[in-house]
$ cat run.cif   # mmCIF, C-alpha atoms
data_entry
#
loop_
_atom_site.label_atom_id
_atom_site.label_comp_id
_atom_site.auth_asym_id
_atom_site.auth_seq_id
_atom_site.Cartn_x
_atom_site.Cartn_y
_atom_site.Cartn_z
CA MET A 171 -36.56 -13.75 -11.03
CA MET A 172 -36.41 -15.46 -7.63
CA SER A 173 -35.41 -13.23 -4.73
CA ASP A 174 -32.30 -15.33 -4.00
CA ALA A 175 -31.08 -15.49 -7.61
CA LEU A 176 -27.55 -14.11 -8.03
CA ARG A 177 -26.99 -11.44 -10.64
CA ILE A 178 -23.87 -9.51 -11.59
CA THR A 179 -24.20 -5.91 -12.75
CA LYS A 180 -21.75 -3.31 -14.01
CA VAL A 181 -21.14 -0.16 -12.00
CA THR A 182 -22.24 2.76 -14.16
CA THR A 183 -23.56 5.49 -11.86
CA LYS A 184 -22.55 7.52 -8.81
CA ARG A 185 -25.11 5.57 -6.81
CA ASP A 186 -23.49 2.31 -7.90
CA ARG A 187 -20.10 3.57 -6.76
CA LYS A 188 -21.52 4.53 -3.37
CA ILE A 189 -22.99 1.03 -3.01
CA PHE A 190 -19.59 -0.39 -4.01
CA VAL A 191 -17.88 1.58 -1.23
CA ASP A 192 -20.54 0.82 1.39
CA LEU A 193 -20.45 -2.99 1.09
CA PRO A 194 -17.34 -3.70 3.22
CA PHE A 195 -18.86 -1.77 6.12
CA ARG A 196 -21.48 -4.52 6.39
CA LEU A 197 -19.21 -7.47 5.62
CA TYR A 198 -16.54 -6.45 8.18
CA ARG A 199 -18.70 -4.87 10.86
CA ASP A 200 -17.83 -7.66 13.34
CA ASP A 201 -14.12 -7.76 12.49
CA PRO A 202 -12.19 -5.77 15.13
CA ASN A 203 -9.09 -5.62 12.92
CA TRP A 204 -10.75 -4.06 9.87
CA VAL A 205 -10.15 -0.31 9.54
CA PRO A 206 -13.10 1.50 7.91
CA PRO A 207 -11.74 3.82 5.22
CA LEU A 208 -13.00 7.36 4.95
CA LYS A 209 -15.83 6.96 2.46
CA GLY A 210 -14.96 10.10 0.55
CA GLU A 211 -11.41 8.82 0.07
CA ALA A 212 -12.65 5.39 -1.03
CA LEU A 213 -15.04 6.98 -3.53
CA GLY A 214 -12.22 9.08 -4.93
CA LEU A 215 -10.13 6.00 -5.66
CA ILE A 216 -12.85 4.56 -7.95
CA THR A 217 -13.88 7.85 -9.56
CA PRO A 218 -11.94 8.51 -12.79
CA GLU A 219 -11.98 12.30 -12.43
CA LYS A 220 -10.46 12.07 -8.95
CA ASN A 221 -7.78 9.42 -9.44
CA GLY A 222 -4.78 10.15 -11.67
CA TRP A 223 -4.13 6.42 -12.13
CA TYR A 224 -7.18 6.30 -14.42
CA SER A 225 -5.24 8.38 -16.94
CA HIS A 226 -3.48 5.16 -18.01
CA ALA A 227 -6.00 2.55 -16.90
CA GLU A 228 -9.20 1.00 -18.18
CA VAL A 229 -11.54 -0.18 -15.43
CA GLN A 230 -14.85 -1.96 -15.00
CA LEU A 231 -16.40 -2.35 -11.56
CA PHE A 232 -18.98 -5.05 -10.85
CA LEU A 233 -21.57 -5.59 -8.12
CA ALA A 234 -23.26 -8.86 -7.17
CA TYR A 235 -26.87 -8.88 -6.00
CA ARG A 236 -29.20 -11.44 -4.46
CA GLY A 237 -32.59 -9.92 -4.91
CA ASP A 238 -32.22 -6.31 -3.82
CA GLN A 239 -29.24 -6.87 -1.54
CA VAL A 240 -25.67 -6.30 -2.69
CA VAL A 241 -23.55 -9.31 -1.70
CA GLY A 242 -20.23 -8.74 -3.50
CA ARG A 243 -18.04 -6.48 -5.58
CA VAL A 244 -14.91 -6.61 -7.76
CA SER A 245 -12.82 -4.43 -10.05
CA ALA A 246 -11.46 -5.67 -13.38
CA HIS A 247 -8.77 -3.38 -14.76
CA ILE A 248 -6.01 -2.98 -17.29
CA ASP A 249 -3.05 -0.73 -16.58
CA THR A 250 -1.82 0.31 -20.01
CA LEU A 251 1.61 1.23 -18.62
CA ALA A 252 1.91 -2.22 -17.03
CA LEU A 253 1.36 -3.75 -20.47
CA THR A 254 4.57 -2.09 -21.66
CA MET A 255 6.73 -3.40 -18.82
CA PRO A 256 9.03 -6.45 -19.17
CA ALA A 257 7.18 -9.74 -18.66
CA ALA A 258 9.98 -10.91 -16.37
CA GLN A 259 8.91 -8.20 -13.91
CA GLY A 260 5.42 -9.60 -13.50
CA PHE A 261 3.33 -7.55 -15.91
CA GLY A 262 3.85 -7.16 -19.65
CA PRO A 263 1.67 -7.68 -22.74
CA GLY A 264 -1.67 -9.39 -22.15
CA VAL A 265 -1.71 -9.05 -18.36
CA GLY A 266 -4.87 -7.70 -16.75
CA GLN A 267 -5.74 -7.45 -13.09
CA TRP A 268 -8.62 -7.69 -10.70
CA GLY A 269 -9.03 -6.40 -7.16
CA LEU A 270 -11.23 -4.66 -4.58
CA MET A 271 -12.88 -8.07 -4.20
CA GLU A 272 -15.39 -8.60 -1.41
CA ALA A 273 -18.03 -11.33 -1.24
CA GLU A 274 -20.50 -12.82 1.21
CA ASP A 275 -19.73 -16.42 0.21
CA GLU A 276 -17.72 -18.50 -2.21
CA GLY A 277 -20.48 -18.70 -4.81
CA VAL A 278 -20.61 -14.92 -5.04
CA PHE A 279 -16.81 -14.74 -5.10
CA GLN A 280 -16.51 -17.17 -8.02
CA ALA A 281 -19.27 -15.46 -9.99
CA LEU A 282 -17.59 -12.09 -9.62
CA LEU A 283 -14.20 -13.54 -10.53
CA ALA A 284 -15.71 -15.07 -13.66
CA ALA A 285 -17.24 -11.71 -14.62
CA ALA A 286 -13.90 -9.96 -14.15
CA GLU A 287 -12.09 -12.61 -16.20
CA ASP A 288 -14.66 -12.43 -18.99
CA TRP A 289 -14.21 -8.67 -19.19
CA LEU A 290 -10.41 -9.03 -19.34
CA ARG A 291 -10.64 -11.72 -22.07
CA ALA A 292 -12.92 -9.48 -24.11
CA LYS A 293 -10.22 -6.81 -23.91
CA GLY A 294 -7.63 -9.23 -25.28
CA MET A 295 -5.93 -10.12 -21.99
CA THR A 296 -4.38 -13.58 -21.70
CA ARG A 297 -3.31 -13.63 -18.04
CA ALA A 298 -4.86 -12.27 -14.85
CA LEU A 299 -3.10 -11.08 -11.71
CA GLY A 300 -4.91 -10.43 -8.47
CA PRO A 301 -5.85 -9.10 -6.14
CA ILE A 302 -4.35 -5.73 -7.00
CA SER A 303 -6.55 -2.93 -5.72
CA GLN A 304 -6.25 -1.13 -8.12
CA SER A 305 -2.82 0.34 -8.83
CA ILE A 306 0.29 -1.58 -7.78
CA TRP A 307 1.05 1.52 -5.67
CA GLU A 308 -2.19 1.17 -3.68
CA GLU A 309 -3.03 -2.19 -2.03
CA PRO A 310 -1.58 -5.17 -3.91
CA GLY A 311 -1.96 -8.73 -2.71
CA LEU A 312 -4.26 -10.77 -0.49
CA LEU A 313 -3.58 -10.89 3.23
CA ILE A 314 -2.62 -14.50 4.09
CA GLN A 315 -0.85 -13.93 7.43
CA GLY A 316 -1.41 -11.33 10.13
CA TYR A 317 -5.19 -11.28 10.54
CA ASP A 318 -4.82 -10.71 14.30
CA HIS A 319 -3.98 -7.00 14.19
CA PRO A 320 -5.17 -4.04 12.10
CA PRO A 321 -3.31 -2.93 8.97
CA THR A 322 -1.41 0.33 8.93
CA ILE A 323 -2.05 3.22 6.57
CA MET A 324 -2.29 2.17 2.89
CA MET A 325 -2.26 -1.56 3.67
CA GLY A 326 -5.10 -4.01 3.12
CA HIS A 327 -7.15 -6.43 5.20
CA ALA A 328 -9.18 -9.43 4.03
CA LYS A 329 -11.26 -12.38 5.18
CA ARG A 330 -9.38 -15.62 5.88
CA GLU A 331 -11.68 -17.54 3.54
CA TYR A 332 -10.61 -15.62 0.45
CA ARG A 333 -7.33 -17.51 0.10
CA GLY A 334 -9.06 -20.86 -0.38
CA TRP A 335 -11.63 -19.36 -2.72
CA ILE A 336 -8.93 -17.88 -4.97
CA GLU A 337 -6.89 -21.07 -5.06
CA ARG A 338 -9.94 -23.21 -5.82
CA ALA A 339 -10.57 -20.92 -8.80
CA GLY A 340 -7.29 -22.14 -10.30
CA TYR A 341 -5.03 -19.26 -9.27
CA VAL A 342 -1.45 -19.96 -8.18
CA PRO A 343 0.89 -17.75 -6.12
CA THR A 344 3.25 -15.57 -8.13
CA LYS A 345 4.69 -13.15 -5.56
CA GLN A 346 4.64 -12.51 -1.82
CA LEU A 347 4.88 -9.08 -0.22
CA VAL A 348 5.84 -8.94 3.44
CA THR A 349 5.76 -6.32 6.17
CA TYR A 350 8.07 -6.26 9.17
CA GLU A 351 7.44 -4.88 12.64
CA LEU A 352 9.84 -3.91 15.40
CA ASP A 353 10.00 -2.25 18.79
CA ILE A 354 11.48 1.14 17.98
CA THR A 355 11.98 2.08 21.62
CA GLN A 356 14.91 -0.36 21.67
CA GLU A 357 18.32 0.54 20.30
CA PHE A 358 19.69 -1.46 17.38
CA PRO A 359 22.27 -4.25 17.76
CA LYS A 360 25.91 -3.23 18.35
CA LEU A 361 27.00 -4.11 14.81
CA VAL A 362 24.33 -1.86 13.29
CA LYS A 363 25.25 0.96 15.68
CA ARG A 364 28.91 0.70 14.62
CA ILE A 365 27.91 0.90 10.95
CA ILE A 366 25.80 3.99 11.67
CA LYS A 367 28.58 5.67 13.66
CA SER A 368 31.05 5.01 10.84
CA GLY A 369 28.70 6.70 8.38
CA GLU A 370 28.18 9.69 10.69
CA THR A 371 31.94 10.33 10.68
CA ASN A 372 32.21 10.00 6.89
CA PRO A 373 32.39 13.55 5.43
CA ARG A 374 31.06 12.27 2.10
CA ILE A 375 27.70 11.32 3.64
CA VAL A 376 24.91 13.65 4.73
CA VAL A 377 21.51 12.38 5.89
CA ARG A 378 19.08 15.28 6.01
CA GLN A 379 15.45 15.98 6.74
CA VAL A 380 13.17 17.10 3.95
CA ASP A 381 11.82 20.63 3.88
CA LYS A 382 8.03 20.58 3.59
CA GLN A 383 8.07 24.21 2.48
CA ARG A 384 9.88 22.97 -0.65
CA PHE A 385 7.44 20.08 -1.04
CA GLU A 386 7.45 19.85 -4.84
CA ASP A 387 11.24 20.07 -5.11
CA GLU A 388 11.78 17.44 -2.43
CA ALA A 389 9.14 15.19 -3.99
CA ALA A 390 10.91 15.43 -7.35
CA ILE A 391 14.20 14.32 -5.76
CA ILE A 392 12.54 11.35 -4.09
CA LEU A 393 10.68 10.38 -7.25
CA ASP A 394 13.88 10.46 -9.29
CA ILE A 395 15.60 8.11 -6.82
CA LEU A 396 12.50 5.89 -6.60
CA ASN A 397 12.17 5.40 -10.34
CA ASP A 398 15.85 4.46 -10.56
CA ALA A 399 15.94 2.26 -7.43
CA TRP A 400 12.75 0.33 -8.14
CA SER A 401 12.89 0.11 -11.94
CA ASP A 402 14.00 -3.54 -12.02
CA ASN A 403 11.61 -4.69 -9.28
CA TRP A 404 8.72 -7.06 -9.80
CA GLY A 405 5.52 -5.13 -10.45
CA PHE A 406 7.19 -1.79 -11.08
CA VAL A 407 5.13 0.73 -13.03
CA PRO A 408 6.41 4.33 -13.10
CA LEU A 409 4.24 6.94 -11.43
CA THR A 410 2.78 9.46 -13.87
CA PRO A 411 2.38 13.23 -13.27
CA PRO A 412 -1.37 12.96 -12.51
CA GLU A 413 -0.66 10.24 -9.92
CA ILE A 414 2.18 12.21 -8.38
CA LYS A 415 -0.13 15.19 -7.99
CA ASP A 416 -2.76 13.02 -6.29
CA VAL A 417 -0.22 11.43 -3.96
CA GLY A 418 1.05 14.87 -2.99
CA VAL A 419 -2.44 16.09 -2.11
CA LYS A 420 -3.24 12.96 -0.08
CA LEU A 421 0.03 12.61 1.79
CA LYS A 422 1.02 16.23 2.39
CA PRO A 423 -1.07 16.49 5.60
CA ILE A 424 0.85 13.56 7.13
CA VAL A 425 4.29 14.53 5.83
CA PHE A 426 6.58 15.71 8.63
CA ASN A 427 10.12 16.92 8.00
CA ASP A 428 11.83 14.71 10.57
CA LEU A 429 10.09 11.54 9.34
CA ILE A 430 11.39 11.70 5.78
CA ARG A 431 15.11 11.58 5.09
CA ILE A 432 17.26 12.00 1.99
CA ALA A 433 20.81 10.66 2.01
CA GLU A 434 23.42 12.52 -0.02
CA LEU A 435 26.80 11.21 -1.15
CA ASP A 436 29.31 13.84 -2.22
CA GLY A 437 26.45 16.33 -2.35
CA LYS A 438 24.19 14.23 -4.60
CA PRO A 439 20.91 12.62 -3.42
CA VAL A 440 21.31 8.84 -3.61
CA ALA A 441 18.77 7.38 -1.16
CA PHE A 442 15.55 8.24 0.66
CA MET A 443 13.22 6.88 3.32
CA ILE A 444 9.59 7.91 3.79
CA THR A 445 7.88 7.31 7.13
CA LEU A 446 4.24 8.07 7.88
CA PRO A 447 2.42 8.18 11.21
CA ASP A 448 -0.25 5.50 11.15
CA LEU A 449 -3.32 7.48 10.12
CA ASN A 450 -5.43 4.34 10.58
CA GLU A 451 -5.18 4.84 14.35
CA ALA A 452 -6.96 8.17 13.95
CA ILE A 453 -9.58 7.21 11.37
CA LYS A 454 -10.64 3.81 12.73
CA PRO A 455 -12.98 5.31 15.38
CA LEU A 456 -14.62 7.55 12.75
CA ASN A 457 -16.30 4.58 10.99
CA GLY A 458 -15.81 6.07 7.55
CA SER A 459 -17.34 9.48 8.18
CA LEU A 460 -15.95 12.90 9.06
CA LEU A 461 -19.39 14.02 10.24
CA PRO A 462 -20.51 15.42 12.56
CA PHE A 463 -17.27 15.93 14.53
CA GLY A 464 -14.83 13.53 12.90
CA TRP A 465 -13.23 16.27 10.81
CA ALA A 466 -12.39 18.30 13.92
CA LYS A 467 -10.85 15.28 15.66
CA LEU A 468 -8.79 14.46 12.60
CA LEU A 469 -7.56 18.04 12.20
CA LEU A 470 -6.44 18.12 15.83
CA TRP A 471 -4.62 14.81 15.36
CA LEU A 472 -2.87 16.03 12.22
CA ARG A 473 -1.46 19.09 13.99
CA LYS A 474 0.71 16.92 16.23
CA PRO A 475 0.14 13.19 15.83
CA ARG A 476 0.68 10.94 18.82
CA VAL A 477 0.76 7.39 17.52
CA ARG A 478 1.79 3.90 18.48
CA THR A 479 2.96 2.91 15.00
CA MET A 480 5.07 4.50 12.27
CA ARG A 481 5.03 2.92 8.81
CA VAL A 482 7.85 2.99 6.27
CA PRO A 483 6.05 2.52 2.92
CA LEU A 484 8.97 3.46 0.68
CA MET A 485 12.73 3.35 0.78
CA GLY A 486 15.17 3.39 -2.10
CA VAL A 487 18.86 3.50 -2.95
CA ARG A 488 20.11 4.25 -6.45
CA LYS A 489 20.86 1.13 -8.50
CA ASP A 490 24.57 1.81 -8.89
CA LEU A 491 24.96 1.59 -5.09
CA GLN A 492 22.59 -1.29 -4.35
CA SER A 493 25.22 -4.02 -4.37
CA SER A 494 27.63 -2.05 -2.18
CA ARG A 495 28.06 -1.92 1.59
CA LEU A 496 27.25 1.76 1.39
CA ALA A 497 23.62 0.95 0.50
CA SER A 498 22.94 -0.78 3.82
CA GLN A 499 24.91 1.87 5.71
CA LEU A 500 22.77 4.65 4.28
CA ALA A 501 19.63 2.65 5.06
CA PHE A 502 20.68 2.07 8.67
CA MET A 503 21.52 5.76 9.10
CA MET A 504 18.12 6.89 7.81
CA ILE A 505 16.26 4.27 9.86
CA GLU A 506 18.07 5.30 13.05
CA ALA A 507 17.43 9.02 12.52
CA ILE A 508 13.73 8.40 11.94
CA ARG A 509 13.51 5.88 14.80
CA LYS A 510 14.72 8.52 17.26
CA ALA A 511 12.38 11.20 15.88
CA SER A 512 9.41 8.81 15.98
CA VAL A 513 9.93 8.01 19.65
CA ASP A 514 10.98 11.45 20.85
CA HIS A 515 8.55 13.63 18.90
CA TYR A 516 5.50 11.43 18.29
CA GLY A 517 5.47 8.95 21.16
CA ALA A 518 5.69 5.98 18.81
CA SER A 519 6.79 2.57 20.08
CA ARG A 520 6.30 0.36 17.05
CA GLY A 521 7.58 0.51 13.50
CA GLU A 522 6.35 -1.27 10.40
CA ILE A 523 8.42 -1.62 7.23
CA GLY A 524 6.86 -2.66 3.96
CA TRP A 525 5.67 -3.95 1.83
CA VAL A 526 8.91 -5.69 0.80
CA LEU A 527 9.19 -8.20 -2.05
CA ASP A 528 9.94 -11.67 -0.72
CA ASP A 529 13.00 -11.92 -3.00
CA ASN A 530 14.40 -8.45 -2.19
CA GLN A 531 17.50 -9.79 -0.47
CA GLY A 532 18.94 -6.39 0.39
CA MET A 533 15.86 -5.07 2.15
CA ASN A 534 15.09 -8.36 3.85
CA SER A 535 18.67 -8.49 5.17
CA ILE A 536 18.34 -4.96 6.57
CA ALA A 537 15.07 -5.89 8.28
CA THR A 538 16.73 -8.95 9.83
CA ALA A 539 19.76 -6.95 10.97
CA ILE A 540 17.63 -4.52 12.98
CA GLU A 541 15.83 -7.49 14.60
CA SER A 542 12.41 -6.92 13.07
CA ARG A 543 10.03 -9.78 12.36
CA VAL A 544 7.49 -10.52 9.65
CA ASN A 545 4.03 -9.54 10.88
CA LYS A 546 1.96 -9.68 7.69
CA ILE A 547 2.23 -11.46 4.35
CA TYR A 548 0.29 -10.51 1.23
CA GLN A 549 0.10 -12.80 -1.78
CA VAL A 550 -0.47 -11.99 -5.44
CA TYR A 551 -1.93 -14.75 -7.60
CA GLU A 552 -2.00 -15.39 -11.32
CA ARG A 553 -3.91 -17.49 -13.82
CA THR A 554 -3.90 -17.96 -17.57
CA LEU A 555 -7.18 -16.77 -19.07
#
$ encode --input "run.cif" --output "C-alpha cells"
Amino acid sequence: MMSDALRITKVTTKRDRKIFVDLPFRLYRDDPNWVPPLKGEALGLITPEKNGWYSHAEVQLFLAYRGDQVVGRVSAHIDTLALTMPAAQGFGPGVGQWGLMEAEDEGVFQALLAAAEDWLRAKGMTRALGPISQSIWEEPGLLIQGYDHPPTIMMGHAKREYRGWIERAGYVPTKQLVTYELDITQEFPKLVKRIIKSGETNPRIVVRQVDKQRFEDEAAIILDILNDAWSDNWGFVPLTPPEIKDVGVKLKPIVFNDLIRIAELDGKPVAFMITLPDLNEAIKPLNGSLLPFGWAKLLLWLRKPRVRTMRVPLMGVRKDLQSSRLASQLAFMMIEAIRKASVDHYGASRGEIGWVLDDNQGMNSIATAIESRVNKIYQVYERTL
C-alpha cells in the first residue's frame, strides 16, 4: 500500500482510543480559540465502562490513516432511548447519529462520514443526524457562528471548513442551537426589574439556593423538573440513572450553592436554573494534562473560582406554567439572583446562556428581554441513508 493511501479502521483497543483523543491536539494546535480538553476526561467519554450513556447506546469509533499518520476520526452511534422518542421531536425509529468528527481535509472527512453511514445502515438505520458528540446532553451541533472566541464549559468548537464539507455530503440543516452572552455587571432593564420586584413581594414565591450537602436530594428535584419541562423539546432523551451518577461526579466540584437556584410556588419546586463557572478558563492553559503541576493549579481554582464567564447550561419551568407570565417572572428572579452572586462572589463580568433551541420562543424572549445577544450558533444536520 502506498504511504499516502487513505484507510479507515475501527477503534478496538485502549491505544486506539488514546490516538482518537490525541488527534485534535495536532489539528487545532494553531487555533487560539480551541480549548484542549483534559485527556483523561475525553478518554472517559469514549470508554464504555466510564460513561453511563453507553448503557443505552451502541457505538463504533473510526480512525482515518494516511500511511502511519492518523488524519481523522468519527463516532457512529445509536442511542436506543432516542429510537423510542416521537419522530416529531427529532429522533425516533431508524435515526442514528455521528459525531466527534475531526479531519485534516475534505477527502478524509467524506471517507469517515461514509464509514459512519455504512455502519448505521448495517444496523438498520434509515436517517442520520450529526454532528452529535455523542449524547444530546454533551456537545450537539456544528459551530457555524462564533469562531472568534473560545467555547465555555461543555460547548464545542470546530473548523470553519466543516460546514461546507457536511453540506456537500448531502446533509441539510434540521435544527439550530444558539447561545447568548451578556454583560452581567450591568443591571437589567427597568421593566425586568419591576417584574422581579413584584415576584419578590409575592408570598407564594420563594427562590432559594441549593444545598450542596444535600446534593442527591437537590439533584433529584432538579431532574424531576427537567424531565417535565424539557419532555416536549426537540432532541429530548431522558437521563438515565447511570448518566445522572456520572454527571453528579463530574459537576459536583464546580457546583456552588449560590449559583444554582430552585424556585418554589406555594412550597412546591416548579423551576430551576443551573449556572457553572467557566472551567475552560482554568483548563485551557493545562493543554490537556494535569501533570506535573496542573492538578494543583486546578484544585486551587476550584476552592474559590475567579472567572470572567458564568455559563447557564440548563434552566427549566414545569410545563403547566410555561405559557403563563409566572414562568418568565420566575426565570428573571433566578437570573437576577445568580447574576448578583456571580459578580459579587466570583468576579464574573460575562454570562452565557445556552444552548437554546432556535424555536424556543419563551427562552429566546427572556434572553432578548435582558438585552443579551447571540454569540454562537450550532447546527444539527440530517440526511436520509
$ residues_around --input "run.cif" --residues "Tyr198 in chain A" --least-positions-apart "4" --cutoff "10 Å" --atoms "all atoms listed in the file" --output "PyMOL selection string"
chain A and resi 193-194+202-206+272+327-329
$ write_last_selection --input "run.cif" --atoms "C-alpha atoms" --output "PDB file, keeping the file's coordinate frame"
ATOM      1  CA  LEU A 193     -20.450  -2.990   1.090  1.00  0.00           C
ATOM      2  CA  PRO A 194     -17.340  -3.700   3.220  1.00  0.00           C
ATOM      3  CA  PRO A 202     -12.190  -5.770  15.130  1.00  0.00           C
ATOM      4  CA  ASN A 203      -9.090  -5.620  12.920  1.00  0.00           C
ATOM      5  CA  TRP A 204     -10.750  -4.060   9.870  1.00  0.00           C
ATOM      6  CA  VAL A 205     -10.150  -0.310   9.540  1.00  0.00           C
ATOM      7  CA  PRO A 206     -13.100   1.500   7.910  1.00  0.00           C
ATOM      8  CA  GLU A 272     -15.390  -8.600  -1.410  1.00  0.00           C
ATOM      9  CA  HIS A 327      -7.150  -6.430   5.200  1.00  0.00           C
ATOM     10  CA  ALA A 328      -9.180  -9.430   4.030  1.00  0.00           C
ATOM     11  CA  LYS A 329     -11.260 -12.380   5.180  1.00  0.00           C
TER      12      LYS A 329
END
$ residues_around --input "run.cif" --residues "range 462-477 of chain A" --least-positions-apart "3" --cutoff "7 Å" --atoms "all atoms listed in the file" --output "list of chain:residue names"
A:Pro423, A:Ile424, A:Pro447, A:Asp448, A:Ala452, A:Leu456, A:Ser459, A:Tyr516, A:Gly517, A:Ala518
$ closest_atom_pairs --input "run.cif" --of "range 323-424 of chain A" --to "range 274-294 of chain A" --cutoff "12 Å" --atoms "all atoms listed in the file" --output "tab-separated table"
residue	atom	partner	partner_atom	distance
A:Lys329	CA	A:Glu274	CA	10.1
A:Arg330	CA	A:Asp275	CA	11.8
A:Glu331	CA	A:Glu276	CA	8.4
A:Tyr332	CA	A:Glu276	CA	8.1
A:Arg333	CA	A:Glu276	CA	10.7
A:Gly334	CA	A:Glu276	CA	9.2
A:Trp335	CA	A:Glu276	CA	6.2
A:Ile336	CA	A:Gln280	CA	8.2
A:Glu337	CA	A:Gln280	CA	10.8
A:Arg338	CA	A:Gln280	CA	9.2
A:Ala339	CA	A:Gln280	CA	7.1
A:Gly340	CA	A:Gln280	CA	10.7
A:Tyr341	CA	A:Leu283	CA	10.9
$ resolve_selection --input "run.cif" --expression "the PyMOL selection byres ((chain A and resi 318) around 10)" --output "MDAnalysis selection string"
chainID A and resid 201:204 315:317 319:321 545:546
$ write_last_selection --input "run.cif" --atoms "C-alpha atoms" --output "PDB file, in the coordinates of the input"
ATOM      1  CA  ASP A 201     -14.120  -7.760  12.490  1.00  0.00           C
ATOM      2  CA  PRO A 202     -12.190  -5.770  15.130  1.00  0.00           C
ATOM      3  CA  ASN A 203      -9.090  -5.620  12.920  1.00  0.00           C
ATOM      4  CA  TRP A 204     -10.750  -4.060   9.870  1.00  0.00           C
ATOM      5  CA  GLN A 315      -0.850 -13.930   7.430  1.00  0.00           C
ATOM      6  CA  GLY A 316      -1.410 -11.330  10.130  1.00  0.00           C
ATOM      7  CA  TYR A 317      -5.190 -11.280  10.540  1.00  0.00           C
ATOM      8  CA  HIS A 319      -3.980  -7.000  14.190  1.00  0.00           C
ATOM      9  CA  PRO A 320      -5.170  -4.040  12.100  1.00  0.00           C
ATOM     10  CA  PRO A 321      -3.310  -2.930   8.970  1.00  0.00           C
ATOM     11  CA  ASN A 545       4.030  -9.540  10.880  1.00  0.00           C
ATOM     12  CA  LYS A 546       1.960  -9.680   7.690  1.00  0.00           C
TER      13      LYS A 546
END
$ closest_residue --input "run.cif" --among "A:Val513, A:Leu435, A:Leu446, A:Ala539" --to "Gln356 in chain A" --atoms "all atoms listed in the file"
A:Val513
$ atom_distance --input "run.cif" --atom1 "CA of Val487 in chain A" --atom2 "CA of Asp249 in chain A"
26.1 Å
$ residues_around --input "run.cif" --residues "Pro408 in chain A" --least-positions-apart "4" --cutoff "10 Å" --atoms "all atoms listed in the file" --output "PyMOL selection string"
chain A and resi 251-252+255+307+393+396-398+400-401+413
$ atom_distance --input "run.cif" --atom1 "CA of Arg297 in chain A" --atom2 "CA of Leu484 in chain A"
28.2 Å
$ closest_residue --input "run.cif" --among "A:Pro411, A:Arg478, A:Lys454, A:Ile523" --to "Thr355 in chain A" --atoms "all atoms listed in the file"
A:Arg478
$ closest_residue --input "run.cif" --among "A:Ile302, A:Val229, A:Met325, A:Ile430" --to "Val550 in chain A" --atoms "all atoms listed in the file"
A:Ile302
$ resolve_selection --input "run.cif" --expression "the PyMOL selection byres ((chain A and resi 500) around 12)" --output "ChimeraX atom specification"
/A:362,365-370,372,374-378,431-435,439-443,485-488,491-492,494-499,501-507,536
$ resolve_selection --input "run.cif" --expression "the PyMOL selection byres ((chain A and resi 350) around 7)" --output "PyMOL selection string"
chain A and resi 348-349+351-352+522-524+542-545
$ atom_distance --input "run.cif" --atom1 "CA of Asp402 in chain A" --atom2 "CA of Trp525 in chain A"
16.2 Å
$ closest_residue --input "run.cif" --among "A:Asp490, A:Asp186, A:Asp394, A:Glu308" --to "Trp223 in chain A" --atoms "only C-alpha atoms"
A:Glu308
